[in-house]
Amino acid sequence: MPQVFYRKYRPQKFSEVVNQKITLKLLTNAILQNKIAHAYLFAGPRGTGKTTVARLLAKSLNCQKRKPDEYEPCNKCASCQAINNGNSLDLIEIDAASNRGIEDIRSLRENVKFPPSSSKYKIFIIDEAHQITKDAFNALLKTLEEPPEYVVFILATTEPEKLPATILSRVQRYDFQRLSLEDIEKRLQYIAQQEKIDFEPEALRLIASYSEGGLRDAESLLEQIALISEKKITKEAVEELLGAVNVEKIKRFVNYLLKKEKEKAINFVYEIYEKGSSMEVFNKEVINYLRKLLLLKISPGLARILEKEVTPEELQTLFKQAQISNLSYLETLLRKLIEVQIQLKRTPIPTLPLELFISETLE
Ligand SMILES: Nc1ncnc2c1ncn2[C@@H]1O[C@H](COP(=O)(O)OP(=O)(O)OP(=O)(O)O)[C@@H](O)[C@H]1O
Ligand SMILES: [Mg+2]
Ligand SMILES: [Zn+2]
């Protein structure tokens with residue numbers, strides 16, 4: 001069974017991690033100076049490298065060949081290999097989503113008492129740490145306060161605000177950032193080249209823009225598309241898989257909104273729906289598009305913010321549309337479409353929220 005992309009391309013060295021510059025700088029400095037905390041918290045959005053960096057830290061701390069003036073793990077010694085193969089006795093990964101109760105934490109506390117079997121440190125990575133129950137957190141507290149010298153905890157979470165203050169005050173916190181569109185695009189290009197996959201640049205850009213700053217989702221999407229594409233990954237194929245609607249069409253729809261052409265707008269929504277596109281995805285794209293118009297309407301100088309998202313030709317079209325639109329109308333459209341986005345999640349008739357929106361707003 002071939003490895004899935006996001007595992008195959010999990011960085012094996014700190015230098016391969018994309019973004020997270022400050023976190024990496026602080027952590028690698030700590031490794032070099034041998035100032036290791038007993039409890040870390042890695043907080044941030046999905047697929048931004050929390051588990052990856054936690055494993056790298058574990059690997060580096062327990063590496064048998066690493067010299068004092070290096071921070072990268074060697075990836076060759078027995079300890080590094082065991083961690084890479086997921087069978088190190090001294091790296092314990094706990095998924096708090098399924099081991100969240102007091103009993104689980106008690107057995108963890110028992111485990112902490114035993115020194116590492118063959119390494120310097122015994123490292124516990126607790127994923128989805130916010131899922132731990134209140135009682136279990138209390139049980140964990142004592143261990144976090146006075147852990148044995150050889151123990152390092154790394155808590156990872158997408159929702160740090162759910163952790164109790166008592167835990168937060170006992171951990172060294174690192175915040176992981178969403179990756180930029182450009183970073184994701186570059187990483188996808190790299191993977192595609194490694195895998196000898198041919199692609200249209202716009203296809204990868206589209207994948208990147210859908211994954212909202214998380215690399216795992218982007219890599220999984222790339223893999224799915226590669227599987228169904230015969231020769232080359234095209235923008236159309238990506239649009240189809242995502243149930244997306246291409247920019248030309250969004251532009252047309254937005255024109256109907258700007259010119260208040262109710263009937264055309266409603267017909268258009270129905271057409272899009274008939275073709276099998278997701279109304280949620282469609283609406284989100286319309287919102288994205290209108291936001292660009294809003295920014296350009298506020299000030300043409302804001303085009304700077306959009307440079308990473310649109311091509312120069314698209315920008316020209318946007319400028320033209322911004323000219324014929326009116327600021328307060330754009331604000332109204334956007335505010336209402338955000339409500340539509342929420343309604344789309346629970347409407348009995350998929351097209352209805354947009355139809356109502358058109359009927360009420362395009363007077
Ligand atoms: N900063 C990054 N640099 C390089 N690859 C990354 C990065 N972040 C994520 N990835 C890719 O995405 C995959 C998943 O990343 P990881 O498991 O570290 O995410 P996570 O932050 O722990 O997400 P979750 O909150 O969903 O657990 C990795 O195997 C790797 O392929
Ligand atoms: Mg993770
Ligand atoms: Zn090693």
# chains A, B, ... in the order shown; residues from 1 in each chain; ligands from 1
call {"tool": "closest_atom_pairs", "arguments": {"of": "chain A", "to": "ligand 3", "cutoff": "6 Å", "atoms": "only C-alpha atoms and all ligand atoms", "output": "tab-separated table"}}
result
residue	atom	partner	partner_atom_place_in_ligand_line	distance
A:Cys63	CA	ligand 3	1 (Zn)	3.7
A:Gln64	CA	ligand 3	1 (Zn)	5.1
A:Lys65	CA	ligand 3	1 (Zn)	5.2
A:Pro73	CA	ligand 3	1 (Zn)	5.0
A:Cys74	CA	ligand 3	1 (Zn)	3.9
A:Asn75	CA	ligand 3	1 (Zn)	4.8
A:Lys76	CA	ligand 3	1 (Zn)	5.2
A:Cys77	CA	ligand 3	1 (Zn)	4.2
A:Ser79	CA	ligand 3	1 (Zn)	5.9
A:Cys80	CA	ligand 3	1 (Zn)	4.3
call {"tool": "write_last_selection", "arguments": {"atoms": "C-alpha atoms", "output": "short mmCIF file (atom, residue, chain, number, x, y, z; two decimals), in the first residue's frame"}}
result
data_model
loop_
_atom_site.label_atom_id
_atom_site.label_comp_id
_atom_site.auth_asym_id
_atom_site.auth_seq_id
_atom_site.Cartn_x
_atom_site.Cartn_y
_atom_site.Cartn_z
CA CYS A 63 18.59 11.24 18.83
CA GLN A 64 21.65 9.16 19.66
CA LYS A 65 23.90 10.72 17.05
CA PRO A 73 17.71 14.74 14.28
CA CYS A 74 19.93 12.34 12.30
CA ASN A 75 17.02 10.15 11.10
CA LYS A 76 19.42 7.19 11.06
CA CYS A 77 20.02 6.08 14.63
CA SER A 79 15.83 6.07 18.19
CA CYS A 80 15.14 8.27 15.14
#
call {"tool": "residues_near_ligand", "arguments": {"ligand": "ligand 2", "cutoff": "7 Å", "atoms": "only C-alpha atoms and all ligand atoms", "output": "PyMOL selection string"}}
result
chain A and resi 47+50-51+127+156
call {"tool": "residues_around", "arguments": {"residues": "range 42-46 of chain A", "least_positions_apart": "4", "cutoff": "7 Å", "atoms": "only C-alpha atoms", "output": "short mmCIF file (atom, residue, chain, number, x, y, z; two decimals) with C-alpha atoms, in the first residue's frame"}}
result
data_model
loop_
_atom_site.label_atom_id
_atom_site.label_comp_id
_atom_site.auth_asym_id
_atom_site.auth_seq_id
_atom_site.Cartn_x
_atom_site.Cartn_y
_atom_site.Cartn_z
CA LYS A 50 1.76 20.81 15.32
CA LEU A 155 0.05 19.12 24.25
CA ALA A 156 -1.36 19.94 20.82
CA THR A 157 -4.69 21.59 20.20
CA THR A 158 -6.73 23.49 17.65
CA PRO A 160 -6.42 26.45 23.12
CA ARG A 173 3.05 27.90 24.57
CA TYR A 174 3.80 28.09 20.85
CA ASP A 175 1.26 29.34 18.33
CA PHE A 176 1.20 27.82 14.88
CA GLN A 177 0.05 30.05 12.03
CA ARG A 178 -2.05 29.28 8.98
CA GLY A 214 -3.89 23.95 6.25
#
call {"tool": "residues_around", "arguments": {"residues": "range 251-265 of chain A", "least_positions_apart": "5", "cutoff": "8 Å", "atoms": "only C-alpha atoms", "output": "list in words"}}
result
Val286, Tyr289, Leu290, Gln321, Ile324, Ser325, Ile358, Ser359, Leu362 and Glu363 of chain A
call {"tool": "residues_around", "arguments": {"residues": "range 98-108 of chain A", "least_positions_apart": "4", "cutoff": "6 Å", "atoms": "only C-alpha atoms", "output": "ChimeraX atom specification"}}
result
/A:132-133,136
call {"tool": "closest_residue", "arguments": {"among": "A:Ile305, A:Val171, A:Ala96, A:Ile31", "to": "Lys67 in chain A", "atoms": "only C-alpha atoms"}}
result
A:Ile31
call {"tool": "select_by_dssp", "arguments": {"residues": "range 36-271 of chain A", "states": "strand (DSSP E)", "output": "PyMOL selection string"}}
result
chain A and resi 39-43+91-95+122-127+151-157+172-175+198-199+232-233
call {"tool": "residues_around", "arguments": {"residues": "Thr166 in chain A", "least_positions_apart": "5", "cutoff": "9 Å", "atoms": "only C-alpha atoms", "output": "number ranges by chain"}}
result
A: 137-138, 141
call {"tool": "select_by_dssp", "arguments": {"residues": "range 306-360 of chain A", "states": "helix (DSSP H, G or I)", "output": "MDAnalysis selection string"}}
result
chainID A and resid 306 312:324 327:343 352:360
call {"tool": "write_last_selection", "arguments": {"atoms": "C-alpha atoms", "output": "short mmCIF file (atom, residue, chain, number, x, y, z; two decimals), in the first residue's frame"}}
result
data_model
loop_
_atom_site.label_atom_id
_atom_site.label_comp_id
_atom_site.auth_asym_id
_atom_site.auth_seq_id
_atom_site.Cartn_x
_atom_site.Cartn_y
_atom_site.Cartn_z
CA LEU A 306 -5.31 40.92 -3.37
CA PRO A 312 -3.27 40.83 -13.04
CA GLU A 313 -6.03 40.28 -15.64
CA GLU A 314 -8.54 39.38 -12.95
CA LEU A 315 -7.53 42.48 -11.07
CA GLN A 316 -8.33 44.64 -14.13
CA THR A 317 -11.81 43.13 -14.37
CA LEU A 318 -12.32 43.65 -10.65
CA PHE A 319 -11.36 47.31 -10.98
CA LYS A 320 -13.95 47.77 -13.73
CA GLN A 321 -16.68 46.12 -11.69
CA ALA A 322 -15.74 48.11 -8.62
CA GLN A 323 -16.24 51.28 -10.64
CA ILE A 324 -19.86 50.47 -11.44
CA LEU A 327 -20.01 50.94 -1.50
CA SER A 328 -23.03 50.69 0.75
CA TYR A 329 -24.73 48.25 -1.63
CA LEU A 330 -21.62 46.02 -1.56
CA GLU A 331 -21.67 46.14 2.22
CA THR A 332 -25.32 45.09 2.28
CA LEU A 333 -24.73 42.25 -0.15
CA LEU A 334 -21.83 40.92 1.86
CA ARG A 335 -23.55 41.16 5.19
CA LYS A 336 -26.59 39.31 3.89
CA LEU A 337 -24.54 36.64 2.11
CA ILE A 338 -22.74 35.85 5.33
CA GLU A 339 -26.15 35.14 6.83
CA VAL A 340 -27.01 33.04 3.78
CA GLN A 341 -23.87 30.99 4.41
CA ILE A 342 -25.19 30.03 7.85
CA GLN A 343 -28.71 29.36 6.57
CA LEU A 352 -33.95 28.81 -1.06
CA PRO A 353 -31.60 30.97 1.05
CA LEU A 354 -30.07 32.46 -2.10
CA GLU A 355 -33.48 32.92 -3.74
CA LEU A 356 -34.75 34.75 -0.67
CA PHE A 357 -31.62 36.84 -0.59
CA ILE A 358 -32.09 37.83 -4.24
CA SER A 359 -35.76 38.57 -3.76
CA GLU A 360 -35.17 40.75 -0.69
#
call {"tool": "residues_around", "arguments": {"residues": "Leu215 in chain A", "least_positions_apart": "5", "cutoff": "10 Å", "atoms": "only C-alpha atoms", "output": "PyMOL selection string"}}
result
chain A and resi 6+18+46-49+178-181+183-185+187-188+208+220-221
call {"tool": "write_last_selection", "arguments": {"atoms": "C-alpha atoms", "output": "short mmCIF file (atom, residue, chain, number, x, y, z; two decimals), in the first residue's frame"}}
result
data_model
loop_
_atom_site.label_atom_id
_atom_site.label_comp_id
_atom_site.auth_asym_id
_atom_site.auth_seq_id
_atom_site.Cartn_x
_atom_site.Cartn_y
_atom_site.Cartn_z
CA TYR A 6 0.44 13.86 3.75
CA VAL A 18 7.10 25.34 5.98
CA ARG A 46 -5.59 22.08 11.50
CA GLY A 47 -2.76 20.83 9.35
CA THR A 48 -0.24 23.54 10.16
CA GLY A 49 2.48 21.32 11.62
CA ARG A 178 -2.05 29.28 8.98
CA LEU A 179 0.16 28.86 5.94
CA SER A 180 -0.04 31.47 3.19
CA LEU A 181 -1.50 30.66 -0.18
CA ASP A 183 3.57 28.59 0.87
CA ILE A 184 0.94 25.97 0.18
CA GLU A 185 1.24 26.42 -3.56
CA ARG A 187 4.73 22.85 -1.29
CA LEU A 188 2.16 21.36 -3.69
CA ALA A 208 -4.28 25.94 -2.16
CA SER A 220 -4.96 15.19 0.37
CA LEU A 221 -6.79 17.13 -2.33
#
call {"tool": "closest_residue", "arguments": {"among": "A:Gly86, A:Pro164, A:Gly213, A:Pro348", "to": "ligand 1", "atoms": "only C-alpha atoms and all ligand atoms"}}
result
A:Gly213
call {"tool": "atom_distance", "arguments": {"atom1": "CA of Leu144 in chain A", "atom2": "CA of Ile36 in chain A"}}
result
14.0 Å
